[in-house]
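Colleague: Input model34.cif, format and content: mmCIF, C-alpha atoms and all ligand atoms.
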```cif
data_structure
loop_
_atom_site.label_atom_id
_atom_site.label_comp_id
_atom_site.auth_asym_id
_atom_site.auth_seq_id
_atom_site.Cartn_x
_atom_site.Cartn_y
_atom_site.Cartn_z
CA MET A 258 97.27 114.79 97.91
CA ASP A 259 100.89 114.26 98.95
CA ASP A 260 102.56 111.75 96.74
CA LEU A 261 102.96 108.30 98.20
CA TYR A 262 106.69 108.25 97.63
CA SER A 263 107.34 111.33 99.79
CA LEU A 264 105.02 110.06 102.52
CA VAL A 265 106.79 106.71 102.57
CA MET A 266 110.24 108.33 102.66
CA GLU A 267 109.15 110.45 105.63
CA SER A 268 108.10 107.28 107.51
CA VAL A 269 111.39 105.63 106.53
CA LYS A 270 113.40 108.55 107.83
CA TYR A 271 111.68 108.39 111.21
CA ILE A 272 112.05 104.62 111.58
CA SER A 273 115.73 104.75 110.52
CA SER A 274 116.34 107.36 113.21
CA LYS A 275 115.05 104.91 115.85
CA THR A 276 117.28 101.95 115.05
CA THR A 277 120.86 101.23 114.14
CA LEU A 278 119.92 97.91 112.53
CA THR A 279 119.40 97.41 108.81
CA PRO A 280 117.19 94.31 108.62
CA LYS A 281 116.56 92.56 105.31
CA ILE A 282 113.83 90.34 106.74
CA GLY A 283 110.39 91.73 107.52
CA MET A 284 107.63 89.87 109.32
CA ILE A 285 103.92 90.45 109.87
CA LEU A 286 102.48 88.66 112.88
CA GLY A 287 98.79 87.76 112.59
CA SER A 288 96.07 87.58 115.27
CA GLY A 289 97.25 85.61 118.30
CA LEU A 290 100.61 84.89 116.67
CA GLY A 291 102.68 87.49 118.49
CA ASP A 292 104.72 85.07 120.63
CA LEU A 293 107.78 85.46 118.49
CA VAL A 294 108.30 88.96 119.80
CA LYS A 295 109.51 87.78 123.18
CA ASN A 296 112.49 86.06 121.52
CA ILE A 297 113.66 89.18 119.73
CA MET A 298 116.84 90.54 121.30
CA ASN A 299 117.91 94.20 121.40
CA GLN A 300 114.36 95.28 120.74
CA GLU A 301 113.50 98.73 119.54
CA ILE A 302 109.74 99.21 119.72
CA ILE A 303 108.19 101.88 117.55
CA PRO A 304 104.43 102.38 118.07
CA TYR A 305 102.60 102.91 114.78
CA GLU A 306 101.06 106.13 116.07
CA GLU A 307 104.53 107.67 116.39
CA ILE A 308 105.46 106.98 112.78
CA PRO A 309 104.63 109.87 110.47
CA ASN A 310 101.97 108.91 107.90
CA PHE A 311 101.32 105.44 109.33
CA PRO A 312 97.68 104.33 109.67
CA LYS A 313 96.53 103.29 113.16
CA SER A 314 95.53 99.81 114.35
CA THR A 315 92.11 99.18 115.92
CA VAL A 316 91.41 95.41 116.11
CA VAL A 317 91.26 93.50 119.43
CA GLY A 318 94.27 91.21 119.73
CA HIS A 319 96.47 93.46 117.62
CA GLU A 320 99.06 95.67 119.12
CA GLY A 321 100.22 98.29 116.74
CA CYS A 322 103.97 98.58 116.66
CA LEU A 323 107.03 97.97 114.60
CA ILE A 324 109.79 96.09 116.36
CA THR A 325 113.37 95.84 115.21
CA GLY A 326 115.89 93.52 116.75
CA ARG A 327 117.69 90.23 116.34
CA LEU A 328 115.98 86.90 116.06
CA GLN A 329 118.51 84.08 116.39
CA GLY A 330 121.13 86.56 115.29
CA ALA A 331 119.25 87.65 112.17
CA GLU A 332 118.17 91.27 112.03
CA VAL A 333 114.41 91.54 111.64
CA LEU A 334 111.74 94.18 111.33
CA VAL A 335 108.46 92.91 112.75
CA MET A 336 104.98 94.32 112.37
CA GLN A 337 102.99 93.46 115.45
CA GLY A 338 99.48 94.09 114.22
CA ARG A 339 98.41 94.90 110.70
CA PHE A 340 95.84 97.06 108.94
CA HIS A 341 92.80 95.31 107.54
CA PHE A 342 90.58 96.45 104.71
CA PHE A 343 87.50 95.63 106.84
CA GLU A 344 88.57 98.24 109.40
CA GLY A 345 87.85 100.87 106.79
CA TYR A 346 91.40 101.51 105.61
CA SER A 347 91.94 101.92 101.90
CA MET A 348 93.94 99.23 100.12
CA LYS A 349 96.86 101.70 99.89
CA GLU A 350 96.74 102.16 103.67
CA VAL A 351 96.60 98.40 104.25
CA ALA A 352 99.74 98.01 102.16
CA TYR A 353 101.46 101.20 103.32
CA PRO A 354 103.83 99.50 105.80
CA ILE A 355 105.03 97.18 103.02
CA TYR A 356 106.04 100.17 100.90
CA VAL A 357 107.91 101.49 103.93
CA MET A 358 109.60 98.15 104.58
CA LYS A 359 110.83 98.01 101.01
CA GLN A 360 112.42 101.45 101.27
CA LEU A 361 114.00 100.41 104.57
CA GLY A 362 115.80 97.61 102.73
CA ILE A 363 113.55 94.62 103.44
CA GLU A 364 114.05 91.93 100.78
CA THR A 365 112.15 89.02 102.30
CA LEU A 366 108.70 89.35 103.83
CA ILE A 367 107.26 86.63 106.04
CA ILE A 368 103.51 87.00 106.43
CA THR A 369 101.50 85.09 109.02
CA ASN A 370 97.78 85.01 109.66
CA ALA A 371 94.94 83.20 111.35
CA CYS A 372 92.45 81.68 108.93
CA GLY A 373 89.68 79.17 108.44
CA GLY A 374 90.33 75.75 106.89
CA ILE A 375 88.35 74.73 103.84
CA ASN A 376 90.41 71.68 102.88
CA THR A 377 88.83 68.92 104.98
CA SER A 378 92.19 67.22 105.58
CA PHE A 379 93.11 70.24 107.75
CA LYS A 380 92.26 70.65 111.41
CA PRO A 381 92.31 73.62 113.81
CA GLY A 382 95.84 74.29 115.04
CA ASP A 383 97.48 73.21 111.75
CA LEU A 384 100.09 75.46 110.16
CA MET A 385 99.82 75.91 106.39
CA ILE A 386 102.43 77.12 103.95
CA ILE A 387 100.59 79.38 101.51
CA ASN A 388 101.48 78.46 97.93
CA ASP A 389 99.14 80.86 96.11
CA PHE A 390 96.26 83.23 96.74
CA ILE A 391 92.83 84.06 95.38
CA ASN A 392 91.90 87.71 95.78
CA LEU A 393 88.21 87.99 96.67
CA MET A 394 88.57 91.48 98.09
CA PRO A 395 87.04 94.37 96.16
CA GLY A 396 90.32 95.85 94.98
CA ASN A 397 94.03 95.77 95.60
CA PRO A 398 96.74 98.27 96.58
CA LEU A 399 98.01 98.80 93.03
CA ILE A 400 94.87 100.50 91.70
CA GLY A 401 95.52 104.06 90.56
CA LEU A 402 98.42 105.87 88.97
CA ASN A 403 101.65 103.91 89.07
CA ASP A 404 104.89 105.31 90.42
CA GLU A 405 107.72 103.47 88.67
CA ARG A 406 110.03 104.25 91.60
CA PHE A 407 108.14 101.54 93.48
CA GLY A 408 107.45 98.93 90.81
CA PRO A 409 106.04 98.14 87.37
CA ARG A 410 102.52 98.98 86.17
CA PHE A 411 101.73 95.33 85.45
CA PRO A 412 103.57 93.18 87.98
CA ASP A 413 103.92 89.47 87.47
CA MET A 414 102.13 87.26 90.01
CA THR A 415 103.33 83.82 88.84
CA GLU A 416 105.06 83.14 92.13
CA PRO A 417 103.40 85.31 94.79
CA TYR A 418 104.96 83.06 97.43
CA ASN A 419 108.59 82.50 96.59
CA LEU A 420 109.39 78.90 95.71
CA ARG A 421 112.86 78.98 97.22
CA LEU A 422 111.36 80.17 100.53
CA ILE A 423 108.64 77.50 100.35
CA THR A 424 111.32 74.84 99.83
CA LEU A 425 113.34 76.25 102.73
CA ALA A 426 110.27 76.31 105.01
CA LYS A 427 109.55 72.68 104.15
CA SER A 428 113.08 71.49 104.73
CA VAL A 429 113.28 73.33 108.08
CA ALA A 430 109.90 71.86 109.11
CA GLU A 431 111.11 68.39 108.27
CA LYS A 432 114.36 68.89 110.21
CA LEU A 433 112.47 70.18 113.27
CA GLN A 434 109.59 67.74 112.85
CA VAL A 435 107.07 70.53 112.64
CA PRO A 436 103.96 69.18 110.90
CA TYR A 437 102.66 71.43 108.12
CA GLN A 438 100.03 71.66 105.44
CA GLU A 439 100.24 73.51 102.17
CA GLY A 440 97.56 75.28 100.20
CA VAL A 441 95.85 78.21 98.55
CA TYR A 442 94.69 81.13 100.69
CA ALA A 443 91.55 82.98 99.63
CA GLY A 444 91.39 86.56 100.89
CA PHE A 445 87.83 87.55 101.69
CA MET A 446 87.04 91.13 102.67
CA GLY A 447 85.22 90.36 105.97
CA PRO A 448 84.57 91.38 108.66
CA TYR A 449 81.81 88.78 108.83
CA TYR A 450 82.80 85.14 108.71
CA GLU A 451 81.80 83.81 105.31
CA THR A 452 78.51 82.04 104.65
CA ALA A 453 78.49 78.28 104.07
CA ALA A 454 77.55 78.89 100.43
CA GLU A 455 80.50 81.23 99.94
CA ILE A 456 82.81 78.61 101.42
CA ARG A 457 81.41 75.88 99.13
CA MET A 458 81.92 78.15 96.16
CA ILE A 459 85.53 79.12 96.91
CA GLY A 460 86.37 75.56 97.95
CA LYS A 461 85.26 74.36 94.49
CA HIS A 462 87.44 77.02 92.97
CA GLY A 463 90.62 75.79 94.61
CA ALA A 464 90.85 77.56 97.97
CA ASP A 465 92.19 75.53 100.90
CA ALA A 466 91.85 78.26 103.50
CA VAL A 467 90.09 81.59 103.90
CA GLY A 468 90.99 84.72 105.80
CA MET A 469 90.60 88.49 105.83
CA SER A 470 94.17 89.68 105.36
CA THR A 471 97.50 88.82 103.69
CA VAL A 472 96.46 89.18 100.05
CA PRO A 473 96.88 92.98 99.79
CA GLU A 474 100.29 92.81 101.52
CA THR A 475 101.37 89.93 99.29
CA ILE A 476 100.37 91.82 96.14
CA ALA A 477 102.23 94.95 97.25
CA ALA A 478 105.34 93.03 98.28
CA ASN A 479 105.53 91.26 94.92
CA TYR A 480 105.04 94.52 93.08
CA LEU A 481 107.87 96.03 95.13
CA GLY A 482 110.14 93.11 94.23
CA MET A 483 110.22 91.38 97.61
CA ASN A 484 110.21 87.63 98.14
CA VAL A 485 107.26 86.51 100.23
CA LEU A 486 106.76 83.53 102.49
CA GLY A 487 103.22 83.07 103.83
CA ILE A 488 102.28 80.84 106.75
CA SER A 489 98.72 80.50 107.98
CA CYS A 490 97.47 79.13 111.23
CA ILE A 491 94.23 77.24 110.67
CA THR A 492 92.33 78.41 113.74
CA ASN A 493 88.97 76.89 112.85
CA MET A 494 87.28 75.08 110.02
CA ALA A 495 85.42 77.43 107.68
CA THR A 496 81.65 78.00 107.89
CA GLY A 497 79.58 74.93 107.06
CA ILE A 498 82.56 72.63 107.62
CA GLN A 499 82.68 73.11 111.36
CA LYS A 500 79.41 72.65 113.24
CA GLU A 501 79.91 75.41 115.81
CA LYS A 502 79.51 79.09 115.14
CA HIS A 503 82.66 81.18 114.88
CA SER A 504 84.11 83.28 117.67
CA HIS A 505 87.02 85.69 117.45
CA GLU A 506 88.08 84.69 120.96
CA ARG A 507 88.36 81.05 119.92
CA VAL A 508 90.32 82.07 116.83
CA VAL A 509 92.83 83.98 118.97
CA GLU A 510 92.99 81.16 121.53
CA THR A 511 93.78 78.52 118.89
CA ALA A 512 96.33 80.82 117.25
CA ASN A 513 97.98 81.36 120.65
CA LYS A 514 98.34 77.62 121.11
CA ALA A 515 99.85 77.10 117.65
CA SER A 516 102.05 80.14 118.05
CA GLU A 517 104.77 78.32 119.98
CA GLN A 518 105.40 75.82 117.21
CA LEU A 519 105.18 78.56 114.61
CA CYS A 520 107.87 80.48 116.51
CA VAL A 521 110.27 77.54 116.54
CA TRP A 522 109.75 77.10 112.83
CA LEU A 523 110.10 80.78 111.92
CA GLU A 524 113.18 81.28 114.06
CA ARG A 525 114.98 78.56 112.21
CA ILE A 526 113.74 79.83 108.84
CA VAL A 527 115.13 83.35 109.48
CA GLN A 528 118.45 81.83 110.48
CA GLU A 529 118.66 80.02 107.16
CA ILE A 530 117.45 82.73 104.81
N1 LIG B 601 87.21 83.06 107.88
C1 LIG B 601 87.83 84.24 107.67
N2 LIG B 601 88.82 84.69 108.43
C2 LIG B 601 89.21 83.93 109.46
C3 LIG B 601 88.61 82.70 109.75
C4 LIG B 601 87.56 82.24 108.92
O1 LIG B 601 86.96 81.16 109.11
N3 LIG B 601 89.25 82.21 110.84
C5 LIG B 601 90.19 83.11 111.19
N4 LIG B 601 90.17 84.16 110.36
#
```
Can the structure from this file be put into structure tokens for me?
Ligand code: HPA
Modeller:
Amino acid sequence: MDDLYSLVMESVKYISSKTTLTPKIGMILGSGLGDLVKNIMNQEIIPYEEIPNFPKSTVVGHEGCLITGRLQGAEVLVMQGRFHFFEGYSMKEVAYPIYVMKQLGIETLIITNACGGINTSFKPGDLMIINDFINLMPGNPLIGLNDERFGPRFPDMTEPYNLRLITLAKSVAEKLQVPYQEGVYAGFMGPYYETAAEIRMIGKHGADAVGMSTVPETIAANYLGMNVLGISCITNMATGIQKEKHSHERVVETANKASEQLCVWLERIVQEI
């Protein structure tokens, strides 16, 4: 097996050859939350399949490309579409782009996702600042031999979502009058929507929202020494809380509607980072 470091550096070399920008802010746009892309100026679009060693995206509603450009003047590197564990990728593959981002010079990672609300004070369409996570997936990207060039064997996870960024997100939201919630995101492996019993259990254990992504990327980013901001779009209430059955189309539709407000919020956040 090729070592991860050389694979990552090969991806980095290719991406660097495609852009003159040197962004310090990375973003991952979740299902239905791609609106932001249209406001990125001087776009350079790099399809994932062109990048050496990158995994390939398969999920409906996800377009697989990296985009560099300027958002409100700030240089950004945006992942449009992510890799999910439930698609069959290994945890290392799910987190691979984060390793690449780090080596490209990204210091701040903004992660967005669509998820189900467990906290009954939430409603579909709400935006939630993630203040912590619970990993319910069967593994994480750091399993295996550690390469100290990336990060420490036993990384700290006291502040998986950076407090300074959380404070900034709140103050920007207040200035712009963007309503927000705050809570703990539980990462479930999927791809089925959880059972009602699973939701009751994780709700009792402190989860406010549940989704099938974000946690592996957050773990990798912290390990790599990046500061992470996580914002979830509550697209539905979790199983047993909402009466209707789930549908991916409805999830994407609700995310699309909330996307506009999320864009306004994120654009101002990147300006102030
Ligand atoms: N559960 C898991 N993932 C999700 C949900 C949900 O209810 N909604 C959107 N993504």
Colleague: Do a neighbour search on range 403-420 of chain A at 12 Å with all atoms listed in the file, toss out local chain neighbours closer than 2 positions, and write the hits as a PDB file with C-alpha atoms, in the coordinates of the input.
Modeller:
```pdb
ATOM      1  CA  ASP A 260     102.560 111.750  96.740  1.00  0.00           C
ATOM      2  CA  LEU A 261     102.960 108.300  98.200  1.00  0.00           C
ATOM      3  CA  TYR A 262     106.690 108.250  97.630  1.00  0.00           C
ATOM      4  CA  SER A 263     107.340 111.330  99.790  1.00  0.00           C
ATOM      5  CA  VAL A 265     106.790 106.710 102.570  1.00  0.00           C
ATOM      6  CA  MET A 266     110.240 108.330 102.660  1.00  0.00           C
ATOM      7  CA  TYR A 353     101.460 101.200 103.320  1.00  0.00           C
ATOM      8  CA  ILE A 355     105.030  97.180 103.020  1.00  0.00           C
ATOM      9  CA  TYR A 356     106.040 100.170 100.900  1.00  0.00           C
ATOM     10  CA  VAL A 357     107.910 101.490 103.930  1.00  0.00           C
ATOM     11  CA  MET A 358     109.600  98.150 104.580  1.00  0.00           C
ATOM     12  CA  LYS A 359     110.830  98.010 101.010  1.00  0.00           C
ATOM     13  CA  GLN A 360     112.420 101.450 101.270  1.00  0.00           C
ATOM     14  CA  GLU A 364     114.050  91.930 100.780  1.00  0.00           C
ATOM     15  CA  THR A 365     112.150  89.020 102.300  1.00  0.00           C
ATOM     16  CA  LEU A 366     108.700  89.350 103.830  1.00  0.00           C
ATOM     17  CA  ILE A 367     107.260  86.630 106.040  1.00  0.00           C
ATOM     18  CA  ILE A 368     103.510  87.000 106.430  1.00  0.00           C
ATOM     19  CA  ILE A 386     102.430  77.120 103.950  1.00  0.00           C
ATOM     20  CA  ILE A 387     100.590  79.380 101.510  1.00  0.00           C
ATOM     21  CA  ASN A 388     101.480  78.460  97.930  1.00  0.00           C
ATOM     22  CA  ASP A 389      99.140  80.860  96.110  1.00  0.00           C
ATOM     23  CA  PHE A 390      96.260  83.230  96.740  1.00  0.00           C
ATOM     24  CA  ILE A 391      92.830  84.060  95.380  1.00  0.00           C
ATOM     25  CA  ASN A 392      91.900  87.710  95.780  1.00  0.00           C
ATOM     26  CA  PRO A 398      96.740  98.270  96.580  1.00  0.00           C
ATOM     27  CA  LEU A 399      98.010  98.800  93.030  1.00  0.00           C
ATOM     28  CA  ILE A 400      94.870 100.500  91.700  1.00  0.00           C
ATOM     29  CA  GLY A 401      95.520 104.060  90.560  1.00  0.00           C
ATOM     30  CA  LEU A 422     111.360  80.170 100.530  1.00  0.00           C
ATOM     31  CA  ILE A 423     108.640  77.500 100.350  1.00  0.00           C
ATOM     32  CA  THR A 424     111.320  74.840  99.830  1.00  0.00           C
ATOM     33  CA  LEU A 425     113.340  76.250 102.730  1.00  0.00           C
ATOM     34  CA  ALA A 426     110.270  76.310 105.010  1.00  0.00           C
ATOM     35  CA  LYS A 427     109.550  72.680 104.150  1.00  0.00           C
ATOM     36  CA  GLU A 439     100.240  73.510 102.170  1.00  0.00           C
ATOM     37  CA  GLY A 440      97.560  75.280 100.200  1.00  0.00           C
ATOM     38  CA  VAL A 441      95.850  78.210  98.550  1.00  0.00           C
ATOM     39  CA  TYR A 442      94.690  81.130 100.690  1.00  0.00           C
ATOM     40  CA  THR A 471      97.500  88.820 103.690  1.00  0.00           C
ATOM     41  CA  VAL A 472      96.460  89.180 100.050  1.00  0.00           C
ATOM     42  CA  PRO A 473      96.880  92.980  99.790  1.00  0.00           C
ATOM     43  CA  GLU A 474     100.290  92.810 101.520  1.00  0.00           C
ATOM     44  CA  THR A 475     101.370  89.930  99.290  1.00  0.00           C
ATOM     45  CA  ILE A 476     100.370  91.820  96.140  1.00  0.00           C
ATOM     46  CA  ALA A 477     102.230  94.950  97.250  1.00  0.00           C
ATOM     47  CA  ALA A 478     105.340  93.030  98.280  1.00  0.00           C
ATOM     48  CA  ASN A 479     105.530  91.260  94.920  1.00  0.00           C
ATOM     49  CA  TYR A 480     105.040  94.520  93.080  1.00  0.00           C
ATOM     50  CA  LEU A 481     107.870  96.030  95.130  1.00  0.00           C
ATOM     51  CA  GLY A 482     110.140  93.110  94.230  1.00  0.00           C
ATOM     52  CA  MET A 483     110.220  91.380  97.610  1.00  0.00           C
ATOM     53  CA  ASN A 484     110.210  87.630  98.140  1.00  0.00           C
ATOM     54  CA  VAL A 485     107.260  86.510 100.230  1.00  0.00           C
ATOM     55  CA  LEU A 486     106.760  83.530 102.490  1.00  0.00           C
ATOM     56  CA  GLY A 487     103.220  83.070 103.830  1.00  0.00           C
ATOM     57  CA  ILE A 488     102.280  80.840 106.750  1.00  0.00           C
TER      58      ILE A 488
END
```
Colleague: Work out how far atom N4 of ligand LIG 601 (chain B) is from CA of Pro448 in chain A, in Å to one decimal.
Modeller: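 Going from CA of Pro448 in chain A over to atom N4 of ligand LIG 601 (chain B), I get 9.3 Å.
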Colleague: What does the distance between CA of Lys500 in chain A and CA of Leu286 in chain A come to in Å, to one decimal place?
Modeller: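 Value for the CA of Lys500 in chain A-CA of Leu286 in chain A distance: 28.1 Å.
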Colleague: Around all the atoms of ligand LIG 601 (chain B) listed in the file, draw an axis-aligned box and extend it by 3 Å on each of the six sides; I want its centre and edge lengths in Å to one decimal, as lines of an AutoDock Vina configuration file.
Modeller:
```
center_x = 88.6
center_y = 82.9
center_z = 109.4
size_x = 9.2
size_y = 9.5
size_z = 9.5
```
Colleague: Have a look at A:Val509, A:Ile272, A:Ile302, A:Val527 and name the one nearest to ligand LIG 601 (chain B); count only C-alpha atoms and all ligand atoms.
Modeller: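 Looking only at the distances to ligand LIG 601 (chain B), the closest residue turns out to be A:Val509.
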Colleague: Enumerate as a VMD selection string the residues within 10 Å of ligand LIG 601 (chain B), counting all atoms listed in the file.
Modeller: chain A and resid 287 to 288 370 to 375 381 443 to 452 456 466 to 470 489 to 499 502 to 505 507 to 509 511 to 512
Colleague: Determine, counting only C-alpha atoms, which protein, DNA and RNA residues have an atom within 6 Å of an atom of range 334-346 of chain A; residues of the same chain fewer than 6 positions away are not included. Present the result as a list in words.
Modeller: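 Returned residues: Gly283, Met284, Ile285, Leu286, His319, Glu320, Gly321, Cys322, Leu323, Ile324, Thr325, Gly447 and Pro448 of chain A.
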